[in-house]
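These notes are about the structure you will find just below.
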Amino acid sequence: MEPAAQLVDATKSYGAVHALKGVSLDIETGEVVAMLGPNGAGKTTSISIMLGLRKPTTGTARLFGLNPTDRRARSRTGVMLQESGVPQVLKVSETIDLFRSYYPRSLPTARVIELAGLEEKAQSQNRDLSGGQRQRLYFALAICGDPDLIFLDEPTVGLDVESRRAFIQSIKGFIETGKTIVLTTHYLEEADELAKRVVVIDHGKIIADASPQEIKSKVVGKKVSFTSTRPVTQAELDGLPITASEVKHQRYVLVTGEPEAVLRELFRRGVDINDLEVTGAGLEEAFLALTGGPEK
Amino acid sequence: MTANYAYMLWMQFRAELVKFWRVPANAFFSLALPLIIFIFFGLRDPTSPYAPGATVSTGAYIMASMAAYTVGNVMVFSFGIGVAMERGQKQDVLLRASPLPPAIYLLAKVLNALVFSLFAMVALFVFAHFTASVNLEVTAWISLAGRLLLGSLAFIMLGFFLGYLAGPNSAPAVVNLIYLPVAFGSGIFIPTQFLPDFIRGLSPYLPLSPFAQLGWSVLGIKTAESVPYNFALLGAYAIVFFALAVWAYRRDTSLKFT
């Protein structure tokens, strides 16, 4: 069976900026895939190209085996974008009805409102919605056509903790219907909670494509950072149980699962260590761990 | 499989109607303002001849003028400002990603503007009939409205051009700056013989001039040009503005969607 969405060696340049540097990705039917990466990594660009909103500079994109701008492919696809708008003076239910008419088979309006959790706002005009409610409306518009595939670009960005929780529950409810979902996020926990497959993207390239468990296992560990009065040589780091290292703002940063062993060995080797910090590894260190080092 | 285009158009058209009605400024500028201007220019001795020796009354002349003004106004404003604002709110991005064909979106806007223009004209006709004793044959009322709706294509295209050219904040200023002087220069409010010479020289070439003449000639006024000539000139304008609208549309979409 053909992939629901596909990128083959896709690159994208905006003038001198290379947003994507050769991305190949198959999204299989029924998969829930999270694209994880920092801002500017190329997540939105990847989605825009898969959707046909943007054209790749080189390479190809396919949606259900068709050109992504093909109306037959679009009719099976729902989308929630970061930067988009809806008519301000239409009511929520009117907007959903309008978007339902774009699709050959759509879910009943009441069902869409329920799935998106907009029962109390169904008769409000769109301009009167809060940020969280607007995100829910965009989600409703993404699912109202009962699409086989939905793209959610940063669905929880800008939401407070409580609305984020509730909104993730809505997305989970939709996932249970067995649809193919591609979402972008820069929260590892969100990717872990929703997706079965995490594609980590950074500097326009896929640097990892694995289950959330595998990604997390690489991230587990501590960040050991320190300054030194004399440069630390590569030989002094050789053989240490570290997953990544870099020098940033005159600080040496090591990612490791065994910080005590690393420090013991560094002291034994006579490395001069000042201003020592040992902290839990975050997403930034995850990228460091996944790439093995800073961008060359 | 794709959705039924006729149903899509119907829903889109309904949404356009609702969007237009719920903005009070639209009702004011399209319905109330023409009536207010009519009061100023049309109700000063409305049954007297509009010009020395003419058989057509001031009320009828100004009514036909205002009908042309109103229809052009609805077209230029609803497309010019409407499209620019929707672009400013990035509504076009979401529609672009949806299965809705752009042609259906544009057609729904055209239908809405035609319906609203007709509505605005009927309001003006009724008002002029009761306040200025304007009496026309049934066929003349229909002919007046029909000619103006047909000729409005040029203003629809002008509106699309401005809507894809101007930013959401500058659109109202741009549209007013173009439309109001063109209306004056075309003799909409005051007959052209009362305008400065250099504007009178320009007048026949302004798009509202052939448009207004289509209305005046229904009343029996001997206009500068014939009806076929005026339709042809409007058609030429429609083609030029269409080309400009396509250029502006492509420029806008190539910035956002390539």
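Just remember, in the structure tokens the first chain shown is A, the second B, etc., residues are 1-based per chain, and ligands are 1-based in the order shown.
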DSSP strand (DSSP E or B) residues within range 85-232 of chain A, listed as a compact mmCIF listing (two decimals) with N, CA and C atoms, in the first residue's frame:
```txt
# COMPACT_ATOMS: atom_id res chain seq x y z
N LYS A 91 -20.15 32.27 13.06
CA LYS A 91 -20.19 31.54 14.32
C LYS A 91 -19.42 30.23 14.18
N GLN A 125 -19.42 33.94 17.89
CA GLN A 125 -18.67 34.31 16.70
C GLN A 125 -17.19 34.03 16.93
N LEU A 149 -6.24 11.44 6.90
CA LEU A 149 -4.93 11.92 7.36
C LEU A 149 -5.09 13.34 7.89
N ILE A 150 -4.58 13.59 9.09
CA ILE A 150 -4.59 14.99 9.52
C ILE A 150 -3.18 15.45 9.93
N PHE A 151 -2.93 16.70 9.59
CA PHE A 151 -1.68 17.36 9.97
C PHE A 151 -2.00 18.36 11.07
N LEU A 152 -1.27 18.28 12.15
CA LEU A 152 -1.46 19.25 13.24
C LEU A 152 -0.11 19.94 13.46
N ASP A 153 -0.03 21.20 13.06
CA ASP A 153 1.23 21.91 13.21
C ASP A 153 1.24 22.67 14.53
N THR A 180 -4.60 8.44 10.37
CA THR A 180 -3.20 8.75 10.25
C THR A 180 -2.99 10.20 10.70
N ILE A 181 -2.03 10.39 11.58
CA ILE A 181 -1.83 11.74 12.12
C ILE A 181 -0.36 12.12 12.07
N VAL A 182 -0.11 13.32 11.60
CA VAL A 182 1.24 13.87 11.65
C VAL A 182 1.16 15.15 12.46
N LEU A 183 1.91 15.22 13.54
CA LEU A 183 1.88 16.45 14.32
C LEU A 183 3.30 16.94 14.57
N THR A 184 3.43 18.23 14.73
CA THR A 184 4.75 18.77 15.07
C THR A 184 4.69 19.32 16.49
N THR A 185 5.81 19.27 17.15
CA THR A 185 5.85 19.77 18.52
C THR A 185 7.29 20.04 18.88
N ARG A 197 5.61 7.02 16.81
CA ARG A 197 6.85 7.18 16.07
C ARG A 197 7.26 8.65 16.16
N VAL A 198 8.51 8.88 16.46
CA VAL A 198 9.00 10.26 16.59
C VAL A 198 10.09 10.49 15.54
N VAL A 199 9.90 11.52 14.77
CA VAL A 199 10.90 11.90 13.78
C VAL A 199 11.53 13.18 14.30
N VAL A 200 12.81 13.09 14.64
CA VAL A 200 13.48 14.28 15.17
C VAL A 200 14.16 15.00 14.03
N ILE A 201 13.88 16.29 13.93
CA ILE A 201 14.40 17.06 12.81
C ILE A 201 15.14 18.27 13.36
N ASP A 202 16.29 18.53 12.79
CA ASP A 202 17.09 19.66 13.25
C ASP A 202 17.91 20.18 12.08
N LYS A 205 17.29 18.60 8.68
CA LYS A 205 17.58 17.19 8.41
C LYS A 205 16.94 16.31 9.46
N ILE A 206 16.59 15.09 9.06
CA ILE A 206 16.09 14.12 10.02
C ILE A 206 17.30 13.52 10.73
N ILE A 207 17.32 13.66 12.08
CA ILE A 207 18.48 13.12 12.79
C ILE A 207 18.11 11.87 13.59
N ALA A 208 16.83 11.59 13.71
CA ALA A 208 16.43 10.35 14.35
C ALA A 208 15.00 10.03 13.94
N ASP A 209 14.69 8.76 13.84
CA ASP A 209 13.36 8.32 13.44
C ASP A 209 13.13 7.01 14.19
N ALA A 210 12.44 7.09 15.32
CA ALA A 210 12.35 5.91 16.18
C ALA A 210 11.12 6.03 17.07
N LYS A 222 22.44 12.93 32.44
CA LYS A 222 22.67 14.23 33.07
C LYS A 222 23.57 15.05 32.17
N LYS A 223 23.46 16.33 32.40
CA LYS A 223 24.37 17.24 31.71
C LYS A 223 25.43 17.66 32.71
N VAL A 224 26.66 17.36 32.38
CA VAL A 224 27.78 17.77 33.23
C VAL A 224 28.46 18.93 32.52
N SER A 225 28.52 20.09 33.17
CA SER A 225 29.17 21.20 32.49
C SER A 225 30.11 21.92 33.45
N PHE A 226 31.19 22.43 32.90
CA PHE A 226 32.21 23.08 33.73
C PHE A 226 33.05 23.98 32.86
N THR A 227 33.80 24.86 33.50
CA THR A 227 34.80 25.64 32.76
C THR A 227 36.17 25.12 33.18
```
Report as JSON lines the residues of chain B within 9 Å of chain A, each with its shortest atom pair and distance in Å (one decimal), using only C-alpha atoms, ordered by chain and increasing residue number.
```
{"residue": "B:Met1", "atom": "CA", "partner": "A:Arg72", "partner_atom": "CA", "distance": 5.5}
{"residue": "B:Thr2", "atom": "CA", "partner": "A:Pro104", "partner_atom": "CA", "distance": 5.2}
{"residue": "B:Ala3", "atom": "CA", "partner": "A:Pro104", "partner_atom": "CA", "distance": 3.8}
{"residue": "B:Asn4", "atom": "CA", "partner": "A:Pro104", "partner_atom": "CA", "distance": 6.9}
{"residue": "B:Tyr5", "atom": "CA", "partner": "A:Tyr102", "partner_atom": "CA", "distance": 8.3}
{"residue": "B:Tyr7", "atom": "CA", "partner": "A:Ser101", "partner_atom": "CA", "distance": 6.8}
{"residue": "B:Met8", "atom": "CA", "partner": "A:Ser101", "partner_atom": "CA", "distance": 5.3}
{"residue": "B:Leu9", "atom": "CA", "partner": "A:Ser101", "partner_atom": "CA", "distance": 8.8}
{"residue": "B:Met11", "atom": "CA", "partner": "A:Leu98", "partner_atom": "CA", "distance": 5.9}
{"residue": "B:Gln12", "atom": "CA", "partner": "A:Leu98", "partner_atom": "CA", "distance": 6.6}
{"residue": "B:Arg14", "atom": "CA", "partner": "A:Leu98", "partner_atom": "CA", "distance": 8.9}
{"residue": "B:Ala15", "atom": "CA", "partner": "A:Leu98", "partner_atom": "CA", "distance": 7.2}
{"residue": "B:Val18", "atom": "CA", "partner": "A:Leu90", "partner_atom": "CA", "distance": 7.2}
{"residue": "B:Lys19", "atom": "CA", "partner": "A:Val89", "partner_atom": "CA", "distance": 6.0}
{"residue": "B:Phe20", "atom": "CA", "partner": "A:Val89", "partner_atom": "CA", "distance": 8.9}
{"residue": "B:Arg22", "atom": "CA", "partner": "A:Val89", "partner_atom": "CA", "distance": 6.5}
{"residue": "B:Val23", "atom": "CA", "partner": "A:Val89", "partner_atom": "CA", "distance": 7.6}
{"residue": "B:Glu86", "atom": "CA", "partner": "A:Pro87", "partner_atom": "CA", "distance": 7.4}
{"residue": "B:Arg87", "atom": "CA", "partner": "A:Gly85", "partner_atom": "CA", "distance": 8.8}
{"residue": "B:Gly88", "atom": "CA", "partner": "A:Gly85", "partner_atom": "CA", "distance": 8.8}
{"residue": "B:Gln89", "atom": "CA", "partner": "A:Gly85", "partner_atom": "CA", "distance": 5.3}
{"residue": "B:Lys90", "atom": "CA", "partner": "A:Ser84", "partner_atom": "CA", "distance": 4.7}
{"residue": "B:Gln91", "atom": "CA", "partner": "A:Gly85", "partner_atom": "CA", "distance": 4.2}
{"residue": "B:Asp92", "atom": "CA", "partner": "A:Ser84", "partner_atom": "CA", "distance": 7.6}
{"residue": "B:Val93", "atom": "CA", "partner": "A:Ser84", "partner_atom": "CA", "distance": 5.7}
{"residue": "B:Leu94", "atom": "CA", "partner": "A:Ser84", "partner_atom": "CA", "distance": 5.6}
{"residue": "B:Leu95", "atom": "CA", "partner": "A:Val86", "partner_atom": "CA", "distance": 8.9}
{"residue": "B:Arg96", "atom": "CA", "partner": "A:Leu53", "partner_atom": "CA", "distance": 7.1}
{"residue": "B:Ala97", "atom": "CA", "partner": "A:Leu53", "partner_atom": "CA", "distance": 6.3}
{"residue": "B:Ser98", "atom": "CA", "partner": "A:Arg74", "partner_atom": "CA", "distance": 6.3}
{"residue": "B:Pro99", "atom": "CA", "partner": "A:Arg74", "partner_atom": "CA", "distance": 5.1}
{"residue": "B:Leu100", "atom": "CA", "partner": "A:Tyr102", "partner_atom": "CA", "distance": 5.6}
{"residue": "B:Pro101", "atom": "CA", "partner": "A:Arg71", "partner_atom": "CA", "distance": 8.1}
{"residue": "B:Lys256", "atom": "CA", "partner": "A:Arg54", "partner_atom": "CA", "distance": 8.0}
{"residue": "B:Phe257", "atom": "CA", "partner": "A:Arg54", "partner_atom": "CA", "distance": 4.9}
{"residue": "B:Thr258", "atom": "CA", "partner": "A:Arg54", "partner_atom": "CA", "distance": 4.7}
```
Could you list, as a compact mmCIF listing (two decimals) with N, CA and C atoms, in the first residue's frame, every residue within 10 Å of Glu2 in chain A, counting only C-alpha atoms and ignoring same-chain residues fewer than 6 positions away?
```
# COMPACT_ATOMS: atom_id res chain seq x y z
N ASP A 26 8.35 8.55 4.87
CA ASP A 26 7.10 7.88 4.50
C ASP A 26 6.20 7.87 5.73
N ILE A 27 4.99 8.38 5.58
CA ILE A 27 4.01 8.28 6.64
C ILE A 27 3.02 7.19 6.22
N GLU A 28 3.05 6.06 6.94
CA GLU A 28 2.19 4.95 6.54
C GLU A 28 0.78 5.14 7.09
N THR A 29 -0.18 4.53 6.42
CA THR A 29 -1.58 4.62 6.84
C THR A 29 -1.74 4.10 8.26
N ARG A 62 4.33 13.54 -2.07
CA ARG A 62 3.14 12.81 -2.52
C ARG A 62 2.16 12.74 -1.37
N LEU A 63 0.88 12.87 -1.72
CA LEU A 63 -0.18 12.73 -0.73
C LEU A 63 -1.11 11.66 -1.29
N PHE A 64 -1.23 10.53 -0.61
CA PHE A 64 -2.00 9.38 -1.11
C PHE A 64 -1.58 9.02 -2.54
N GLY A 65 -0.28 9.12 -2.79
CA GLY A 65 0.24 8.76 -4.11
C GLY A 65 -0.02 9.80 -5.18
```
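As for CA of Arg165 in chain A and CA of Leu137 in chain A, they are spaced 16.2 Å apart.
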Report as a Markdown table the residues of range 51-169 of chain B within 12 Å of range 229-251 of chain B, each with its shortest atom pair and distance in Å (one decimal), using only C-alpha atoms, ordered by chain and increasing residue number.
```
| residue | atom | partner | partner_atom | distance |
| --- | --- | --- | --- | --- |
| B:Gly72 | CA | B:Leu234 | CA | 11.9 |
| B:Val76 | CA | B:Phe241 | CA | 11.6 |
| B:Phe79 | CA | B:Ala245 | CA | 11.0 |
| B:Gly80 | CA | B:Ala245 | CA | 10.6 |
| B:Val83 | CA | B:Tyr249 | CA | 10.6 |
| B:Ala84 | CA | B:Tyr249 | CA | 11.0 |
| B:Arg87 | CA | B:Tyr249 | CA | 11.0 |
| B:Asp92 | CA | B:Tyr249 | CA | 11.5 |
| B:Pro102 | CA | B:Tyr249 | CA | 11.1 |
| B:Leu106 | CA | B:Tyr249 | CA | 11.9 |
| B:Arg147 | CA | B:Phe231 | CA | 8.9 |
| B:Leu148 | CA | B:Phe231 | CA | 10.0 |
| B:Leu149 | CA | B:Phe231 | CA | 11.6 |
| B:Leu150 | CA | B:Phe231 | CA | 8.8 |
| B:Gly151 | CA | B:Leu234 | CA | 6.4 |
| B:Ser152 | CA | B:Leu234 | CA | 8.3 |
| B:Leu153 | CA | B:Ala238 | CA | 6.1 |
| B:Ala154 | CA | B:Ala238 | CA | 3.9 |
| B:Phe155 | CA | B:Ala238 | CA | 7.3 |
| B:Ile156 | CA | B:Ala238 | CA | 8.1 |
| B:Met157 | CA | B:Phe242 | CA | 5.2 |
| B:Leu158 | CA | B:Phe241 | CA | 5.2 |
| B:Gly159 | CA | B:Ala245 | CA | 8.3 |
| B:Phe160 | CA | B:Ala245 | CA | 5.6 |
| B:Phe161 | CA | B:Ala245 | CA | 3.8 |
| B:Leu162 | CA | B:Ala245 | CA | 7.5 |
| B:Gly163 | CA | B:Ala245 | CA | 8.5 |
| B:Tyr164 | CA | B:Ala248 | CA | 5.4 |
| B:Leu165 | CA | B:Ala248 | CA | 5.5 |
| B:Ala166 | CA | B:Ala248 | CA | 9.3 |
| B:Gly167 | CA | B:Ala248 | CA | 11.8 |
```
Please provide as a PDB file with N, CA and C atoms, in the first residue's frame all residues within 8 Å of range 34-41 of chain B, with the sequence filter that same-chain residues fewer than 6 positions apart are discarded (counting only C-alpha atoms).
```
ATOM      1  N   ILE B  62     -30.177  61.897 -10.544  1.00  0.00           N
ATOM      2  CA  ILE B  62     -29.309  61.571  -9.403  1.00  0.00           C
ATOM      3  C   ILE B  62     -29.541  60.118  -8.965  1.00  0.00           C
ATOM      4  N   MET B  63     -30.776  59.639  -9.082  1.00  0.00           N
ATOM      5  CA  MET B  63     -31.040  58.246  -8.714  1.00  0.00           C
ATOM      6  C   MET B  63     -30.234  57.287  -9.611  1.00  0.00           C
ATOM      7  N   MET B  66     -26.638  57.561  -8.671  1.00  0.00           N
ATOM      8  CA  MET B  66     -26.323  56.897  -7.405  1.00  0.00           C
ATOM      9  C   MET B  66     -26.406  55.373  -7.525  1.00  0.00           C
ATOM     10  N   TYR B  69     -23.133  54.517  -8.888  1.00  0.00           N
ATOM     11  CA  TYR B  69     -22.145  54.705  -7.815  1.00  0.00           C
ATOM     12  C   TYR B  69     -22.202  53.544  -6.824  1.00  0.00           C
ATOM     13  N   THR B  70     -23.422  53.172  -6.432  1.00  0.00           N
ATOM     14  CA  THR B  70     -23.619  52.136  -5.405  1.00  0.00           C
ATOM     15  C   THR B  70     -23.114  50.769  -5.865  1.00  0.00           C
ATOM     16  N   LEU B 124     -32.632  52.053  -3.061  1.00  0.00           N
ATOM     17  CA  LEU B 124     -32.480  53.397  -3.632  1.00  0.00           C
ATOM     18  C   LEU B 124     -33.682  53.762  -4.510  1.00  0.00           C
ATOM     19  N   PHE B 127     -36.695  54.484  -2.351  1.00  0.00           N
ATOM     20  CA  PHE B 127     -36.488  55.765  -1.666  1.00  0.00           C
ATOM     21  C   PHE B 127     -36.719  56.930  -2.639  1.00  0.00           C
ATOM     22  N   PHE B 189     -21.990  62.821  -9.262  1.00  0.00           N
ATOM     23  CA  PHE B 189     -22.668  63.692  -8.300  1.00  0.00           C
ATOM     24  C   PHE B 189     -23.118  65.004  -8.955  1.00  0.00           C
TER      25      PHE B 189
END
```
Point to revise | Expected answer as a PyMOL selection string: alpha helix (DSSP H) residues in range 223-264 of chain A | key: chain A and resi 234-237+259-264
Check your understanding: Neighbours of range 223-225 of chain B within 10 Å (only C-alpha atoms; same-chain residues fewer than 5 positions away dropped), as a ChimeraX atom specification?
Key -> /B:204,209-210,212-218,230
**Study point:** Between CA of Ile178 in chain B and CA of Met121 in chain B - distance in Å to one decimal
**Key:**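 CA of Ile178 in chain B lies at a distance of 22.1 Å from CA of Met121 in chain B.
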Point to revise | Selection near Ala54 in chain B, 12 Å with only C-alpha atoms, sequence-local residues under 4 positions removed, as a list in words | key: Thr47, Ser48, Pro49, Tyr50, Thr58, Ala60, Tyr61, Leu219, Gly220, Ile221 and Lys222 of chain B
